[in-house]
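Taking it in order: structure first as structure tokens, then the write-up.
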Amino acid sequence: MAPMDLLPGTLDLLILRAVSTGPLHGLGVSRRIHQLTGATFDVKPGSLFQALYRLEEQGWLGSEWGQSENNRRAKYYRLTASGRRQLQRETRDWEVRSLAITRALDPST
Amino acid sequence: MSISRLLAFLRRLFSARRAERDLHEDVQAFADLLADDMAAGGVPRAEAERRARATLGGVEPVKESVRGIRAGAWLEQVWRDLQYAWRGLARAPAFTVTAVLTVALGVGINTTIFTVVDATLFKPLPYERPHELVRFHQAPGISPPVRMTWAEVLEWRTQRDLFQGVEVSTGGYLKDWLEGSRSVIISAFSPGLPALLGIRPTLGRVFTPDEADAKSPVVLIADVLWRDAFARNPDVLGTAMTIGGRAFTVIGVMPPGFRYGPGGGGILEVWMPMPERPDPDIPERLSPIFRVRNGLPLHSAQAGTEVVAGRMQAELPADQRRIPHLVPFTGARLLGLTERMPGGRASMVMLLAAAGLVLLVACASVAGLLLTRGEGRRTELALRTALGASRGRLARLLLAEGALVAALGGAAAVLTAHWTTAGVVSLMPSDMQRYMFTASEAVIDGRVLGFALAATSVVALAASVWPAMTGARAGLRAALGTGGQVTGDPTGRRRAGRLLLSGQVALAFLLAITACLFSTSFARMLTEDLGYDPHGLGVVSFGLPEGAYDGDDARRIAVDRLLGVASATPGVRGAAIGGSPARRMPGDLVLPGDTDPIATTAERIVGPGYFDTAGIPLVAGRDFDARDRRGAPRVAIIDEPGARRVFGETSPIGRRFRHHPAIPEATIVGVVGAVAATDFVQGPASVGVYFPEAQQYPFTSFVVRADATLPATLARVRAALEAEEPGITVTAAGPATDAYVDAETLTRPRFYVVLVSAFALLAVVSAAVGLYGLLAHAVARRQREIGVRVALGSTPGQIRRLVLAEALVPVGAGLALGGVAAWWTLGLVGSLLYEIGPRDPWAFGLAAVALGVASLLGLIAPVRRATGVDPIVALRMQ
């Protein structure tokens with residue numbers, strides 16, 4: 001199956017989730033989302049960078065410059081304390097929503 | 001915006017360069033890392049880098065999309081656009097200077113005229129609740145105020161359910177001020193006037209009722225006198241002023257808004273207290289100011305006033321009863337701008353409209369210039385599109401340029417507005433100044449700045465939106481490789497350009513015609529046979545000594561005695577009571593049985609021998625003489641063209657008329673030659689009417705016919721009068737033409753001529769600039785086409801015709817449109833013209849020639865550029 005476009009509003013959640021296990025650079029975030037979603041979703045770089053900068057401005061992501069595995073200078077994004085709280089909040093919201101939608105779509109009810 | 005976003009914005013604001021570099025490296029790292037991965041997977045390095053860029057969709061577009069969502073992105077972008085626009089303008093100084101000057105002139109003219117018109121017509125009076133202030137007038141429209149006695153004023157004061165207050169002030173008298181070694185204009189008002197108007201003195205206090213009752217020797221001075229004579233010294237209170245031989249003490253300074261006072265008669269400088277009873281020094285012809293009771297609608301007050309007036313006049317004979325009409329005491333009405341200067345209001349509005357036309361023409365010119373500039377930058381715009389600038393972004397860049405030009409022009413206009421306004425005001429005749437800036441001065445204030453801002457915004461929008469859209473589209477098309485169509489512009493856009501040009505030419509033509517009409521009219525006035533003999537004719541005006549004569553009869557005897565002295569002065573061939581023949585008052589002519597006037601009149605009050613002295617021929621009937629006294633049947637003399645207009649070919653002698661519905665009829669006893677109506681405002685259609693001084697009021701002005709040189713004779717007359725009557729104030733002694741015709745009567749037309757001509761000149765120049773802009777644009781667009789034509793053997797003459805056709809059709813259409821517009825609208829200025837119809841073919845022709853010449857000048861450069869197109873270069877341009 002070809003990669004699908006993301007549902008609106010889910011990109012932020014996926015980015016927060018991607019960096020929750022450790023700092024990642026831009027391409028790393030993209031790869032991690034690809035991997036986490038089993039290659040279902042593909043994030044366009046434009047949207048990715050927009051989201052990264054927005055989340056950083058909101059204080060949910062922090063960043064510092066570091067060296068990549070192949071010795072390139074890159075900006076690494078990491079989850080801040082408030083970002084972690086936001087991730088928990090959004091995860092809970094997502095569970096409630098997806099449960100509601102799954103239930104609504106279930107033909108047995 | 002959350003706090004963290006605000007902080008992020010501020011951080012970036014202070015380290016903008018670093019933030020930009022970080023963003024670039026961040027996005028670039030994405031591409032590099034991706035390429036590294038692919039290269040590691042065996043793809044050749046160059047191919048890997050190409051693919052990585054393709055995946056990313058370009059570094060610049062990604063960066064641009066991030067910039068778009070960042071906190072304060074909008075502000076940042078506007079700032080960046082303006083910076084970019086600034087750099088762009090700095091690189092094109094010729095364009096920038098032309099465009100900024102065009103805007104500055106358009107906005108400047110409008111700001112200046114608005115400042116003047118606002119001060120005369122629109123600005124609310126600086127009084128408390130000015131809408132409640134009214135005066136009694138003889139008719140609801142333009143009419144003289146109702147005059148009344150103190151007894152009547154006191155009776156109106158008892159009508160508390162109609163009026164909160166009734167107060168009185170007088171007109172100005174010229175009096176000598178000993179310490180200042182000059183004359184001051186002095187007036188008086190009842191002590192309650194400041195409270196009625198709701199004003200307080202800047203310094204000191206106002207009169208107490210006791211001071212007024214006792215005619216205490218105290219005065220209030222005007223802000224203007226405090227400034228000019230006392231250098232705003234706060235110690236002015238208690239200063240002694242000897243005015244007209246009497247010692248006064250200054251007790252207060254009135255605020256600037258009271259500068260001209262509400263009583264009329266000029267720039268008032270000093271006020272004395274006015275006792276609230278008949279005063280021998282002040283004639284009982286009071287026109288008080290009423291404040292309508294708070295909350296009472298004007299029409300209710302009017303109805304109540306009619307009832308009370310009916311009761312008060314019950315004993316009067318029916319033909320002497322007058323219904324007072326409550327007329328708000330605001331704006332132009334104040335001091336009778338509309339009464340004493342018919343057309344004053346209309347001419348002000350006309351000037352504002354003309355200035356508006358200039359602004360429109362300026363907008364069109366700047367739009368044309370921006371269009372041309374956009375055309376020259378197609379390569380640059382295409383490059384920007386290729387580098388990821390969206391069409392909206394390009395449009396914004398171009399808009400910023402237009403906005404910056406408008407802002408610079410607007411700023412220049414506002415910075416110079418102080419001087420231009422002073423210039424326009426100084427062009428105004430002094431009587432116009434006096435009556436117009438009654439309560440407020442023409443100064444640059446918040447209202448003016450607001451207006452200038454609005455005008456500038458109009459220019460920014462009107463001039464730059466279309467060029468911005470066109471430019472952005474052109475950039476996109478060029479980027480797509482379809483920019484160099486052989487056919488040039490799409491028809492729709494070409495039509496829009498021509499429409500713009502036609503409109504511009506039409507407006508400029510309209511203004512040019514108006515200017516020609518005014519100039520011709522002015523020139524005719526200067527060369528006019530005056531209808532009287534101005535050579536050796538002088539006018540001496542004077543004021544009788546204060547308090548020396550009680551009542552009209554005593555004053556009249558004194559005036560007659562002084563006339564005898566003037567006539568007997570060596571060098572004087574004749575003298576008579578009356579002023580300069582060119583200066584007359586507007587009035588109405590009502591035939592018996594009618595209630596509505598059949599004509600307007602230009603009136604003058606004269607004594608026996610006036611026509612002989614002034615050199616005005618008596619055509620029929622007789623001059624005024626000793627028979628025409630007070631109490632004798634009222635008589636009048638009419639001028640010949642007026643008589644023919646009103647009475648046809650039948651003799652007017654013995655016919656009767658009233659010069660106001662409220663005044664008894666007068667019988668015509670004589671017909672005299674016409675005097676040129678050099679006063680624009682009265683217009684040539686006014687009927688010249690003369691009334692005998694003896695049946696009016698004592699008139700303290702003589703015409704003097706000199707045998708010897710006029711100035712020396714007038715000096716002798718002045719000395720003789722001063723010797724005969726100690727305490728007399730001679731206020732003017734000069735030639736009848738110089739003193740009045742030149743200084744007063746001709747300055748008003750000159751005011752219109754200079755202003756309207758300046759407007760027209762600017763509009764024509766602007767139109768030429770606009771024409772140049774649009775045509776240069778068209779030539780640049782069609783360069784390839786022209787190249788093809790030249791390559792196929794077109795001669796320079798054919799190319800010239802091709803380009804000219806582009807211009808001549810819209811210019812012709814504009815001239816036709818402007819001509820039709822002028823034909824319909826210029827009837828409005830007919831009353832301001834002298835001896836020339838508003839549809840004078842010469843004026844139309846001259847204006848058309850002026851525009852034709854200007855158009856040719858605008859055409860030269862683009863046409864030369866077109867014929868100079870090198871086909872090789874043009875075809876390679878792709």
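Letters A, B, ... mark the chains of the structure tokens in the order given; residue numbers begin at 1 per chain; ligand numbers begin at 1, in order shown.
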
Based on the backbone DSSP call, show me all residues of chain A assigned helix (DSSP H, G or I), as a PyMOL selection string.
chain A and resi 10-19+26-36+45-57+81-105

Pull out every residue of chain B sitting within 10 Å of chain A, counting only C-alpha atoms, and send them as a ChimeraX atom specification.
/B:1-9,22-23,25-34,36-37,55-59,61-71

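In this structure, atom CA of B:Thr249 sits 22.6 Å away from atom CA of B:Ala548.
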
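Those residues that approach B:His659 to within 10 Å, counting only C-alpha atoms, are Pro586, Gly587, Asp588, Leu589, Val590, Leu591, Pro597, Ala599, Thr600, Thr601, Glu603, Ala636, Ala662, Ile663, Pro664, Glu665, Ala666 and Val689 of chain B; same-chain residues fewer than 3 positions away are not listed.
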
Could you please take those selected residues and save C-alpha atoms as a PDB file, in the first residue's frame?
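Output saved as out00.pdb:
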```pdb
ATOM      1  CA  PRO B 586     -25.117  91.712  -2.265  1.00  0.00           C
ATOM      2  CA  GLY B 587     -28.886  92.025  -1.901  1.00  0.00           C
ATOM      3  CA  ASP B 588     -32.150  91.077  -3.575  1.00  0.00           C
ATOM      4  CA  LEU B 589     -34.596  92.816  -5.860  1.00  0.00           C
ATOM      5  CA  VAL B 590     -38.276  92.084  -5.163  1.00  0.00           C
ATOM      6  CA  LEU B 591     -41.029  93.605  -7.328  1.00  0.00           C
ATOM      7  CA  PRO B 597     -36.675  88.183  -5.535  1.00  0.00           C
ATOM      8  CA  ALA B 599     -32.799  89.262  -9.304  1.00  0.00           C
ATOM      9  CA  THR B 600     -29.810  89.633  -7.021  1.00  0.00           C
ATOM     10  CA  THR B 601     -28.378  93.081  -6.567  1.00  0.00           C
ATOM     11  CA  GLU B 603     -25.892  97.574  -3.596  1.00  0.00           C
ATOM     12  CA  ALA B 636     -33.171 104.350  -5.512  1.00  0.00           C
ATOM     13  CA  ALA B 662     -38.904  93.068   5.005  1.00  0.00           C
ATOM     14  CA  ILE B 663     -38.002  96.564   3.867  1.00  0.00           C
ATOM     15  CA  PRO B 664     -40.414  99.187   2.422  1.00  0.00           C
ATOM     16  CA  GLU B 665     -40.450  99.774  -1.316  1.00  0.00           C
ATOM     17  CA  ALA B 666     -38.235 102.316  -3.001  1.00  0.00           C
ATOM     18  CA  VAL B 689     -28.586  99.459  -7.184  1.00  0.00           C
TER      19      VAL B 689
END
```

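In this model, the gap between atom CA of B:Leu761 and atom CA of B:Ala512 comes to 7.3 Å.
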
Need to verify the contact set: A:Thr10, 12 Å, only C-alpha atoms, exclusion of same-chain residues closer than 5 positions in sequence. Can you return it as an MDAnalysis selection string?
chainID A and resid 5 15:17 33 37 41 43 47:48 51 87 90:91 93:94 97:98

Please list as a list in words every residue within 12 Å of B:Tyr84, counting only C-alpha atoms and excluding residues in the same chain fewer than 6 positions away.
Gln77, Val78, Ala90, Arg91, Leu394, Arg396, Leu397, Leu398, Leu399, Ala400, Glu401 and Leu404 of chain B

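Going from atom CA of B:Leu510 to atom CA of B:Ala412 covers 26.9 Å.
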
DSSP on the backbone: what in stretch 500-620 of chain B comes out strand (DSSP E or B), as a PyMOL selection string?
chain B and resi 537-543+572-577+585-590+599-606+618-620

Residue neighbourhood stretch 302-307 of chain B, 7 Å, only C-alpha atoms, exclusion window fewer than 3 positions, as a PDB file with N, CA, C and O atoms, in the first residue's frame:
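File written: part_34.pdb
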```pdb
ATOM      1  N   LEU B 162     -37.506  78.427  26.018  1.00  0.00           N
ATOM      2  CA  LEU B 162     -36.980  78.290  24.659  1.00  0.00           C
ATOM      3  C   LEU B 162     -35.454  78.390  24.647  1.00  0.00           C
ATOM      4  O   LEU B 162     -34.774  77.612  23.991  1.00  0.00           O
ATOM      5  N   LEU B 298     -34.510  71.822  17.474  1.00  0.00           N
ATOM      6  CA  LEU B 298     -34.464  73.128  16.820  1.00  0.00           C
ATOM      7  C   LEU B 298     -35.833  73.516  16.258  1.00  0.00           C
ATOM      8  O   LEU B 298     -36.250  74.670  16.361  1.00  0.00           O
ATOM      9  N   HIS B 299     -36.561  72.540  15.704  1.00  0.00           N
ATOM     10  CA  HIS B 299     -37.848  72.912  15.101  1.00  0.00           C
ATOM     11  C   HIS B 299     -38.861  73.329  16.160  1.00  0.00           C
ATOM     12  O   HIS B 299     -39.688  74.200  15.927  1.00  0.00           O
ATOM     13  N   GLY B 310     -44.612  86.723  17.290  1.00  0.00           N
ATOM     14  CA  GLY B 310     -45.930  87.239  16.909  1.00  0.00           C
ATOM     15  C   GLY B 310     -46.520  88.098  18.016  1.00  0.00           C
ATOM     16  O   GLY B 310     -47.076  89.173  17.772  1.00  0.00           O
ATOM     17  N   ARG B 311     -46.372  87.640  19.261  1.00  0.00           N
ATOM     18  CA  ARG B 311     -46.911  88.378  20.400  1.00  0.00           C
ATOM     19  C   ARG B 311     -46.156  89.697  20.562  1.00  0.00           C
ATOM     20  O   ARG B 311     -46.756  90.751  20.775  1.00  0.00           O
ATOM     21  N   ILE B 323     -40.759  87.428  10.864  1.00  0.00           N
ATOM     22  CA  ILE B 323     -40.634  86.130  11.543  1.00  0.00           C
ATOM     23  C   ILE B 323     -39.153  85.793  11.619  1.00  0.00           C
ATOM     24  O   ILE B 323     -38.492  85.650  10.590  1.00  0.00           O
ATOM     25  N   PRO B 324     -38.602  85.669  12.818  1.00  0.00           N
ATOM     26  CA  PRO B 324     -37.185  85.294  12.888  1.00  0.00           C
ATOM     27  C   PRO B 324     -37.011  83.805  12.568  1.00  0.00           C
ATOM     28  O   PRO B 324     -37.862  82.988  12.931  1.00  0.00           O
ATOM     29  N   HIS B 325     -35.956  83.511  11.871  1.00  0.00           N
ATOM     30  CA  HIS B 325     -35.639  82.110  11.580  1.00  0.00           C
ATOM     31  C   HIS B 325     -34.385  81.727  12.344  1.00  0.00           C
ATOM     32  O   HIS B 325     -33.372  82.417  12.248  1.00  0.00           O
ATOM     33  N   LEU B 326     -34.491  80.638  13.083  1.00  0.00           N
ATOM     34  CA  LEU B 326     -33.345  80.184  13.879  1.00  0.00           C
ATOM     35  C   LEU B 326     -32.348  79.501  12.958  1.00  0.00           C
ATOM     36  O   LEU B 326     -32.673  78.506  12.321  1.00  0.00           O
TER      37      LEU B 326
END
```

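Between B:Tyr697 and the residues B:His418, B:Arg604, B:Arg658, B:Arg622, the shortest atom-to-atom distance, using only C-alpha atoms, involves B:Arg604.
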